Amino acid sequence: MIVSDGKHIWHYDPELQQATVDVFDPKGTSPLMFLTSNTQRLGKNFTVKEVSGPLCNEQADACFEMTPRSQDDMFQWIRIGFSKDTLLGLEFLDQLGQHGWISFSKMKVNKPMSDSLFHFDPPKGTDVVRRS
């Protein structure tokens, strides 16, 4: 689970009972940035190309692969899949060779949301790692 309040980003893994907290950097390369950034900024930091085949998700109509222009980026590539203009998910490969997938379902666009959805309190027994 990834939760951000605009100041911090929490990455919570219930299986590991671990939460990692980073200071939110709007210029950073967290997967969250790809959902909140504009296309001009993405084009500046990444080479973007449309790819075909089942790279993102078998259900995707369109898939775009972003390769960082900087060698220092935390990702080797990121793929974003869409179906009929609806975001299906993000797939990524980081510099440590770890593969991840963030999927989206039951999306509601431009609907009012409670501020409590952007606050995270780790469950008791969770190891919290603060990286910033």
# chains A, B, ... in the order shown; residues from 1 in each chain; ligands from 1

call {"tool": "select_by_dssp", "arguments": {"residues": "chain A", "states": "helix (DSSP H, G or I)", "output": "PyMOL selection string"}}
result
chain A and resi 33-36+39-45+115-118

call {"tool": "select_by_dssp", "arguments": {"residues": "chain A", "states": "strand (DSSP E)", "output": "JSON, numbers by chain"}}
result
{"A": [2, 3, 4, 8, 9, 10, 11, 12, 13, 18, 19, 20, 21, 22, 23, 46, 47, 48, 49, 50, 51, 62, 63, 64, 65, 66, 67, 68, 75, 76, 77, 78, 79, 80, 81, 82, 83, 86, 87, 88, 89, 90, 91, 92, 93, 94, 99, 100, 101, 102, 103, 127, 128, 129, 130]}

call {"tool": "residues_around", "arguments": {"residues": "region 63-77 of chain A", "least_positions_apart": "2", "cutoff": "6 Å", "atoms": "only C-alpha atoms", "output": "PyMOL selection string"}}
result
chain A and resi 45-51+79-81+92-95

call {"tool": "residues_around", "arguments": {"residues": "region 105-112 of chain A", "least_positions_apart": "6", "cutoff": "9 Å", "atoms": "only C-alpha atoms", "output": "list of chain:residue names"}}
result
A:Thr86, A:Leu87, A:Leu88, A:Gly89

call {"tool": "atom_distance", "arguments": {"atom1": "CA of Asp5 (chain A)", "atom2": "CA of Asp22 (chain A)"}}
result
11.2 Å

call {"tool": "atom_distance", "arguments": {"atom1": "CA of Val3 (chain A)", "atom2": "CA of Phe120 (chain A)"}}
result
6.6 Å
